[in-house]
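Enquirer: Got a structure here, written out as structure tokens. Questions coming.
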Amino acid sequence: MKLKIFTFILLLIILSSCDHGIAPPAALPTVEPGFSGKVTFVGQWPDSVVQTYVVLFKNPLLDSLDFNIQNLRFVSVPIPKGSREFLFSTKDKNNVLSNVEPGHYAYLAVAQQLKALSFNRKDWFVAAVYYPDGDSTKAGEFTLPENTFLENVNILCDFNHPPVQPPGGKP
Amino acid sequence: MKTIRKIILVLLVLTSLLFAQKANIEGWVKDTHNSPLVGANVILLNTDLGAATNLKGYFKIPSVPLGKYKTKISSIGYEPVTKDIELTSSGIKLSITLREISVEFDPVIVTASKYSQKISDLPVSASIIPSKTFSEKNFTRLDRALRYVSGVYVTTDQISIRGSSGYSRGAGTRVITAIDGIPIYTGDTGEIIWELVPLSDIESVEIIKGASSSVYGSSSMGGAINVITKKNSLSPVTLIKSYIGFYDKPYYSIWDWSGERRSFNGQTIAHSNRIGKLGYSVSLSRLENKSYRLNDWLKRLTGYLKLNYDFGKYGNLTFLSIGMNQVHGTFNFWRDIWHALEPPADDIGETVKAERYLFGLKYTTKINKHFDLHLIGSFYRNLWYDQSESNNNSASNLVRNEIRSVYKSGNGLKIIFGTELTLGKVRSNIFSDRTSQSTGFYGQAEYRFPFPLTATVGVRYDRGSLDTLKNYDALSPRLGFNYKLSKTLVLRTSIAKGFRAPTLAEAFTSTRTSGIRVKPNPNLKTETNYSWEFGVRKTFSNLLLIDAAVFQSEYYDMIEPGIDPKDGEVYFDNITHARIQGFETSAKFEYKPLNISLNVGYTYLWARNVKLNKALKYRPRHLAVASLTYSPSFFEFGADFRYMSRFEEIDHELVDLGLVKNGEIRSHVFVLDLRAGASLYKIGIPLSAYLNLNNALNYNYVEMIGNVSPIRNISLNLEFLF
């Protein structure tokens with residue numbers, strides 16, 4: 001009797017496994033998700049800048065610890081110092097990091113590194129943020145729809161009017 | 001002339017007398033079903049004479065001096081028989097019947113204390129995989145078989161006993177693995193090279209669950225595995241093995257990158273014999289696997305040689321040698337979930353070549369009736385290089401020497417003590433040129449009280465250095481008790497401290513592969529654990545064995561791989577405090593009249609980072625295995641099932657950073673293997689054939705993110721033994 005019960009349980013387990021485990025989503029994305037745009041610089045570049053990038057964070061920067069590489073989804077190729085315009089794209093193979101999936105992102109910005117090889121929040125300065133549809137109430141927010149490569153994600157970087165800094169920056 | 005004739009006559013008479021003083025001992029060895037037993041050993045005790053039975057169960061020991069002898073007839077799985085005989089000039093013909101015993105219920109193992117003990121006498125949990133498993137199930141690597149042992153799981157190639165390890169990208173191990181007591185962790189990465197184990201030469205595999213550092217030192221804090229190779233045959237035996245198989249098409253057509261059923265095949269030829277006092281076993285194996293995944297193909301050639309010379313009362317010398325040459329494609333992670341069986345485009349065409357050589361020398365002698373002495377030396381050389389963007393390469397040498405003595409008082413006391421010296425040297429572009437050394441001293445006493453209690457107390461001291469890392473010292477004590485409440489009910493408990501020194505790979509790796517950067521951590525410290533278990537074992541009339549154990553391990557400074565949030569680079573670091581708790585139950589049922597056997601096992605694990613109260617990476621909460629075998633006559637039908645719950649924690653960082661696209665996708669593991677076969681040795685035909693359908697449900701799962709485990713495949717394995 002015990003053997004029968006065990007066999008029955010075993011069969012149940014086996015049958016329950018007939019979903020074939022992990023599976024690809026039904027549709028293969030026809031478009032590689034991503035975005036591109038232009039950064040326009042206004043004003044004089046600060047001398048103290050070491051590197052400048054377009055960066056995209058998944059989660060809000062509520063604390064200096066949120067400014068970490070695991071929260072990053074996109075870091076462009078370095079923007080040459082003194083540029084007046086800079087075109088960026090997630091398709092660029094030379095990007096430092098590009099892991100963009102459809103969804104909502106908390107913070108798209110132009111960030112400047114003040115000290116080489118440091119990822120401490122205090123060694124970074126946010127020079128500009130992206131405003132979706134020019135909406136100043138949604139500073140930095142960015143949404144990438146499914147099956148879309150979004151163009152014209154443009155950012156104005158005015159060195160004379162820097163945005164509100166996320167927590168943890170240099171006082 | 002007369003004198004010459006006399007001399008010739010005397011010589012003729014003497015010669016005929018000499019011949020007359022010798023005769024043959026021959027006979028047949030059968031089991032209780034009257035089937036001939038192949039390979040049974042017939043030994044004349046206190047002599048060097050003996051033979052093994054052939055396919056018809058027949059043996060012959062020629063030209064044996066007349067006299068009285070004690071013969072011992074033995075075969076694995078059968079109760080040995082000792083028989084007194086008197087050999088006369090007419091010779092003697094014996095007919096021996098050996099009775100099957102339930103060896104699986106209480107086999108003898110040597111791994112727990114480095115001397116023979118019955119499993120029921122141990123203070124710790126243990127399991128054993130018998131030799132026949134490897135033929136019947138056509139495993140191509142040892143770790144494939146270990147996945148079906150209760151409480152054990154393997155993450156790609158990283159073994160874990162009761163949650164001791166997660167996945168550390170081939171660096172280090174917490175379960176020491178050895179061949180005939182010679183560890184096979186490499187000198188650079190400290191990983192186990194499963195491919196090195198000569199599967200056709202395995203007698204059994206012993207698995208000790210729980211901290212074993214008091215005997216084995218570093219890298220055994222999670223347990224120990226010892227592969228026991230077959231003894232050299234007393235008479236010529238040749239094995240020819242060949243298998244061929246193919247993978248089914250992927251369940252999802254979008255994953256079908258090749259449009260064909262990918263094949264794999266392998267061949268082994270092995271021979272064993274004895275010439276005088278020298279026994280030898282030699283085998284050569286090749287394997288080719290086209291793989292179900294793109295750029296995951298494999299070609300391997302393995303050679304094995306075991307020599308054994310019997311010096312009689314002066315001891316026994318064994319030489320063991322294994323060489324392996326392997327080349328395979330690189331498959332680190334899938335491209336994405338839609339291309340789950342293809343690596344990222346940049347990885348296609350990358351290969352890894354490896355050459356590995358293990359040489360071991362063991363000398364064993366009996367000093368007197370109380371003391372045994374064992375001298376063991378080994379040299380393990382590993383060479384590998386890949387064709388990745390970093391052109392990673394490494395050449396490592398590891399020399400290991402051990403002196404061990406076992407004292408048996410005869411009144412219940414056994415003492416083992418020994419010393420071990422290990423020297424390592426590495427030349428590599430990712431680890432740099434490094435050296436390591438360690439020395440260990442250990443001792444253990446086992447005392448069997450007049451009442452049914454056996455106490456074991458042991459301690460080991462290790463001191464070592466790993467290149468520029470700070471020297472380490474470790475004291476690893478163990479205390480264990482085994483109490484037999486009755487003949488069928490045994491309680492056991494043990495408490496032990498274990499440790500593991502970092503490997504060179506964990507401390508010094510600096511490389512980039514598949515977009516992942518790995519950086520060194522020269523401040524890495526030794527990890528330690530305190531573990532205990534309490535177990536109970538109950539047998540019911542040689543039909544059913546039930547074993548249950550609760551266990552806990554506290555790890556301090558546990559070494560785990562992680563991502564440095566500052567730069568996104570992988571590195572190994574000491575987690576402050578981790579705890580692994582759980583229980584394991586297993587049952588074994590054998591009903592010989594119907595030739596049915598059933599094994600089941602379930603393990604519950606709760607492995608967590610105590611500080612973060614978060615599950616440790618790559619540790620499942622539930623593990624279950626089940627195996628059912630029905631073997632009427634010379635046929636055999638079987639089913640093996642294993643389940644592993646979905647990992648709660650993985651390397652999320654690799655996913656977040658886009659290094660493993662869709663890497664978060666994972667599931668429970670359900671694997672069902674089916675087999676059918678026949679072993680025709682029982683009817684005198686030198687052939688066995690097994691058909692294996694693995695992953696019969698074609699269930700898709702990952703053991704490590706971005707790596708789909710083998711999809712459904714079928715293989716036919718033929719073995720000729722003559």
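By order of appearance in the structure tokens: chains A, B, ..., then residues from 1 within every chain, and ligands from 1 in the order shown.
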Near chain B, which residues of chain A fall within 8 Å when you count only C-alpha atoms, and what do they look like as a ChimeraX atom specification?
Expert: /A:14,17-25,28,68-73,97-100,118-120
Enquirer: Run DSSP on the backbone and grab whatever in stretch 398-566 of chain B lands in alpha helix (DSSP H); send it over as number ranges by chain.
Expert: B: 504-508
Enquirer: Quick check, in Å to one decimal: how far apart do atom CA of B:Asp157 and atom CA of B:Phe333 lie?
Expert: 14.3 Å
Enquirer: Extract the full set of strand (DSSP E or B) residues from stretch 202-257 of chain B according to DSSP on the backbone, and format it as a VMD selection string.
Expert: chain B and resid 202 to 209 223 to 229 237 to 247
Enquirer: May I ask which of the residues A:Pro80, A:Lys93, A:Asn147, A:Val110 is the closest one to B:Asp346, counting only C-alpha atoms?
Expert: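 The shortest atom-to-atom distance to B:Asp346 comes from A:Lys93.
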Enquirer: Which of these residues is nearest to A:Gly168, using only C-alpha atoms: A:Ala26, A:Ala128, A:Leu61, A:Val50?
Expert: A:Leu61
Enquirer: What does the distance between atom CA of B:Ile376 and atom CA of B:Gly190 come to in Å, to one decimal place?
Expert: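 That distance, rounded to one decimal, is 20.0 Å.
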Enquirer: Tell me, as a PyMOL selection string, which residues lie within 12 Å of B:Lys132, counting only C-alpha atoms; anything in the same chain fewer than 4 positions away does not count.
Expert: chain B and resi 76-77+128+136-139+145+199-205+230+636+679+688+690+719
Enquirer: For the selection just defined, write its residues with N, CA and C atoms to a file, as a short mmCIF file (atom, residue, chain, number, x, y, z; two decimals), in the first residue's frame.
Expert:
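Result saved to selection.cif:
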data_model
loop_
_atom_site.label_atom_id
_atom_site.label_comp_id
_atom_site.auth_asym_id
_atom_site.auth_seq_id
_atom_site.Cartn_x
_atom_site.Cartn_y
_atom_site.Cartn_z
N ILE B 76 32.08 -9.35 -5.22
CA ILE B 76 31.36 -8.21 -4.69
C ILE B 76 29.86 -8.46 -4.74
N GLY B 77 29.21 -8.20 -3.65
CA GLY B 77 27.77 -8.41 -3.59
C GLY B 77 27.39 -9.77 -3.03
N ILE B 128 27.09 5.57 -0.80
CA ILE B 128 28.02 4.87 -1.68
C ILE B 128 27.35 4.67 -3.04
N GLU B 136 25.40 0.77 -16.12
CA GLU B 136 23.96 0.71 -16.37
C GLU B 136 23.39 2.04 -16.82
N LYS B 137 23.91 3.12 -16.25
CA LYS B 137 23.34 4.43 -16.56
C LYS B 137 24.19 5.22 -17.54
N ASN B 138 25.28 4.63 -17.97
CA ASN B 138 26.16 5.24 -18.96
C ASN B 138 26.51 6.68 -18.63
N PHE B 139 26.91 6.92 -17.40
CA PHE B 139 27.38 8.25 -17.02
C PHE B 139 28.72 8.50 -17.70
N ALA B 145 26.68 11.20 -11.88
CA ALA B 145 26.16 10.18 -10.97
C ALA B 145 25.89 10.78 -9.59
N LEU B 199 35.94 6.15 -15.30
CA LEU B 199 34.67 5.55 -14.88
C LEU B 199 34.63 4.03 -15.04
N SER B 200 35.31 3.50 -16.04
CA SER B 200 35.23 2.05 -16.25
C SER B 200 36.07 1.29 -15.22
N ASP B 201 36.87 2.02 -14.45
CA ASP B 201 37.74 1.36 -13.46
C ASP B 201 37.28 1.61 -12.03
N ILE B 202 36.07 2.11 -11.89
CA ILE B 202 35.57 2.41 -10.53
C ILE B 202 35.01 1.15 -9.87
N GLU B 203 35.44 0.93 -8.64
CA GLU B 203 34.85 -0.14 -7.83
C GLU B 203 33.64 0.41 -7.07
N SER B 204 33.83 1.60 -6.49
CA SER B 204 32.74 2.27 -5.80
C SER B 204 33.12 3.72 -5.55
N VAL B 205 32.12 4.51 -5.24
CA VAL B 205 32.38 5.91 -4.88
C VAL B 205 31.78 6.14 -3.50
N LYS B 230 39.03 -0.27 -9.09
CA LYS B 230 38.97 -1.73 -9.01
C LYS B 230 40.34 -2.31 -8.71
N GLU B 636 17.18 -5.70 -16.99
CA GLU B 636 17.06 -4.67 -15.95
C GLU B 636 16.29 -3.48 -16.52
N SER B 679 22.14 -7.84 -18.85
CA SER B 679 23.50 -8.25 -18.53
C SER B 679 23.58 -9.75 -18.79
N SER B 688 26.93 -6.99 -22.17
CA SER B 688 25.82 -6.31 -21.53
C SER B 688 25.44 -5.12 -22.40
N TYR B 690 22.81 -1.59 -22.52
CA TYR B 690 21.87 -0.73 -21.80
C TYR B 690 21.45 0.43 -22.69
N GLU B 719 28.84 -3.37 -23.70
CA GLU B 719 30.08 -3.76 -23.02
C GLU B 719 30.37 -5.24 -23.25
#
Enquirer: Can you work out the spacing between atom CA of B:Ser165 and atom CA of B:Ser510 in Å, to one decimal?
Expert: 22.3 Å
Enquirer: List the spatial neighbours of B:Val570 as a PyMOL selection string - criterion: any atom at most 8 Å away, only C-alpha atoms, same-chain residues fewer than 2 positions off excluded.
Expert: chain B and resi 516-519+561-564+568+572
Enquirer: Using C-alpha atoms, can you write the selected residues to a file as an mmCIF file, in the first residue's frame?
Expert:
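Done, and the output landed in selection_18.cif:
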data_model
loop_
_atom_site.group_PDB
_atom_site.id
_atom_site.type_symbol
_atom_site.label_atom_id
_atom_site.label_comp_id
_atom_site.auth_asym_id
_atom_site.auth_seq_id
_atom_site.Cartn_x
_atom_site.Cartn_y
_atom_site.Cartn_z
ATOM 1 C CA ILE B 516 32.891 39.575 -17.258
ATOM 2 C CA ARG B 517 35.886 41.046 -15.488
ATOM 3 C CA VAL B 518 37.342 39.170 -12.551
ATOM 4 C CA LYS B 519 39.695 40.907 -10.158
ATOM 5 C CA PRO B 561 31.990 35.220 -5.360
ATOM 6 C CA GLY B 562 30.238 38.534 -5.749
ATOM 7 C CA ILE B 563 30.278 41.772 -7.669
ATOM 8 C CA ASP B 564 32.061 44.824 -6.376
ATOM 9 C CA GLY B 568 31.040 45.834 -11.437
ATOM 10 C CA PHE B 572 35.839 36.612 -4.108
#
Enquirer: Report as a VMD selection string all protein, DNA and RNA residues lying within 9 Å of B:Ser465, evaluated on only C-alpha atoms, omitting residues in the same chain fewer than 5 positions from it.
Expert: chain B and resid 435 to 438 470 to 472 501
Enquirer: Can you tell me which residues surround B:Lys353 at a distance of at most 8 Å, considering only C-alpha atoms, apart from same-chain residues fewer than 2 positions away, and format the answer as an NGL selection string?
Expert: :B and (325-328 or 351 or 355 or 384-386)
Enquirer: Write a file of the selected residues as a PDB file, in the first residue's frame, keeping N, CA and C atoms.
Expert:
ATOM      1  N   ASN B 325      43.633  14.352 -22.146  1.00  0.00           N
ATOM      2  CA  ASN B 325      43.780  15.439 -23.098  1.00  0.00           C
ATOM      3  C   ASN B 325      42.377  15.802 -23.562  1.00  0.00           C
ATOM      4  N   GLN B 326      42.045  17.057 -23.438  1.00  0.00           N
ATOM      5  CA  GLN B 326      40.674  17.448 -23.758  1.00  0.00           C
ATOM      6  C   GLN B 326      40.666  18.791 -24.483  1.00  0.00           C
ATOM      7  N   VAL B 327      39.815  18.898 -25.461  1.00  0.00           N
ATOM      8  CA  VAL B 327      39.598  20.189 -26.113  1.00  0.00           C
ATOM      9  C   VAL B 327      38.093  20.365 -26.262  1.00  0.00           C
ATOM     10  N   HIS B 328      37.626  21.544 -25.929  1.00  0.00           N
ATOM     11  CA  HIS B 328      36.184  21.791 -26.035  1.00  0.00           C
ATOM     12  C   HIS B 328      35.910  23.248 -26.381  1.00  0.00           C
ATOM     13  N   THR B 351      37.811  28.259 -27.762  1.00  0.00           N
ATOM     14  CA  THR B 351      38.010  26.892 -27.278  1.00  0.00           C
ATOM     15  C   THR B 351      38.882  26.888 -26.023  1.00  0.00           C
ATOM     16  N   GLU B 355      45.439  19.649 -20.658  1.00  0.00           N
ATOM     17  CA  GLU B 355      46.150  18.382 -20.448  1.00  0.00           C
ATOM     18  C   GLU B 355      46.323  18.219 -18.950  1.00  0.00           C
ATOM     19  N   TRP B 384      46.303  24.209 -19.055  1.00  0.00           N
ATOM     20  CA  TRP B 384      45.151  24.568 -19.884  1.00  0.00           C
ATOM     21  C   TRP B 384      45.335  25.967 -20.443  1.00  0.00           C
ATOM     22  N   TYR B 385      44.754  26.169 -21.575  1.00  0.00           N
ATOM     23  CA  TYR B 385      44.729  27.520 -22.135  1.00  0.00           C
ATOM     24  C   TYR B 385      43.504  27.669 -23.010  1.00  0.00           C
ATOM     25  N   ASP B 386      42.977  28.866 -23.017  1.00  0.00           N
ATOM     26  CA  ASP B 386      41.800  29.097 -23.852  1.00  0.00           C
ATOM     27  C   ASP B 386      42.144  30.090 -24.954  1.00  0.00           C
TER      28      ASP B 386
END
Enquirer: Skip B:Ser486 itself and residues of its chain fewer than 6 positions away, then list as a ChimeraX atom specification all residues within 12 Å of it, counting only C-alpha atoms.
Expert: /B:120,451-453,536-540
Enquirer: Take the selection from the previous step and output its residues with N, CA and C atoms, as a short mmCIF file (atom, residue, chain, number, x, y, z; two decimals), in the first residue's frame.
Expert:
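Ended up saving to result.cif:
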data_model
loop_
_atom_site.label_atom_id
_atom_site.label_comp_id
_atom_site.auth_asym_id
_atom_site.auth_seq_id
_atom_site.Cartn_x
_atom_site.Cartn_y
_atom_site.Cartn_z
N SER B 120 27.29 1.58 9.07
CA SER B 120 26.48 1.61 10.30
C SER B 120 27.32 1.90 11.54
N PHE B 451 29.98 -1.83 25.91
CA PHE B 451 28.57 -1.70 25.51
C PHE B 451 28.57 -1.05 24.12
N PRO B 452 27.43 -1.07 23.40
CA PRO B 452 27.47 -0.75 21.96
C PRO B 452 27.64 0.74 21.63
N LEU B 453 28.63 1.34 22.22
CA LEU B 453 28.93 2.74 21.93
C LEU B 453 30.33 2.82 21.34
N VAL B 536 19.87 8.97 12.64
CA VAL B 536 19.35 7.68 13.09
C VAL B 536 19.21 6.77 11.86
N ARG B 537 19.49 5.50 12.09
CA ARG B 537 19.49 4.54 10.98
C ARG B 537 18.77 3.29 11.45
N LYS B 538 17.81 2.87 10.67
CA LYS B 538 17.01 1.72 11.10
C LYS B 538 16.83 0.77 9.91
N THR B 539 17.10 -0.49 10.15
CA THR B 539 16.86 -1.48 9.10
C THR B 539 15.71 -2.39 9.53
N PHE B 540 14.97 -2.84 8.53
CA PHE B 540 13.84 -3.73 8.77
C PHE B 540 14.06 -5.01 7.97
#
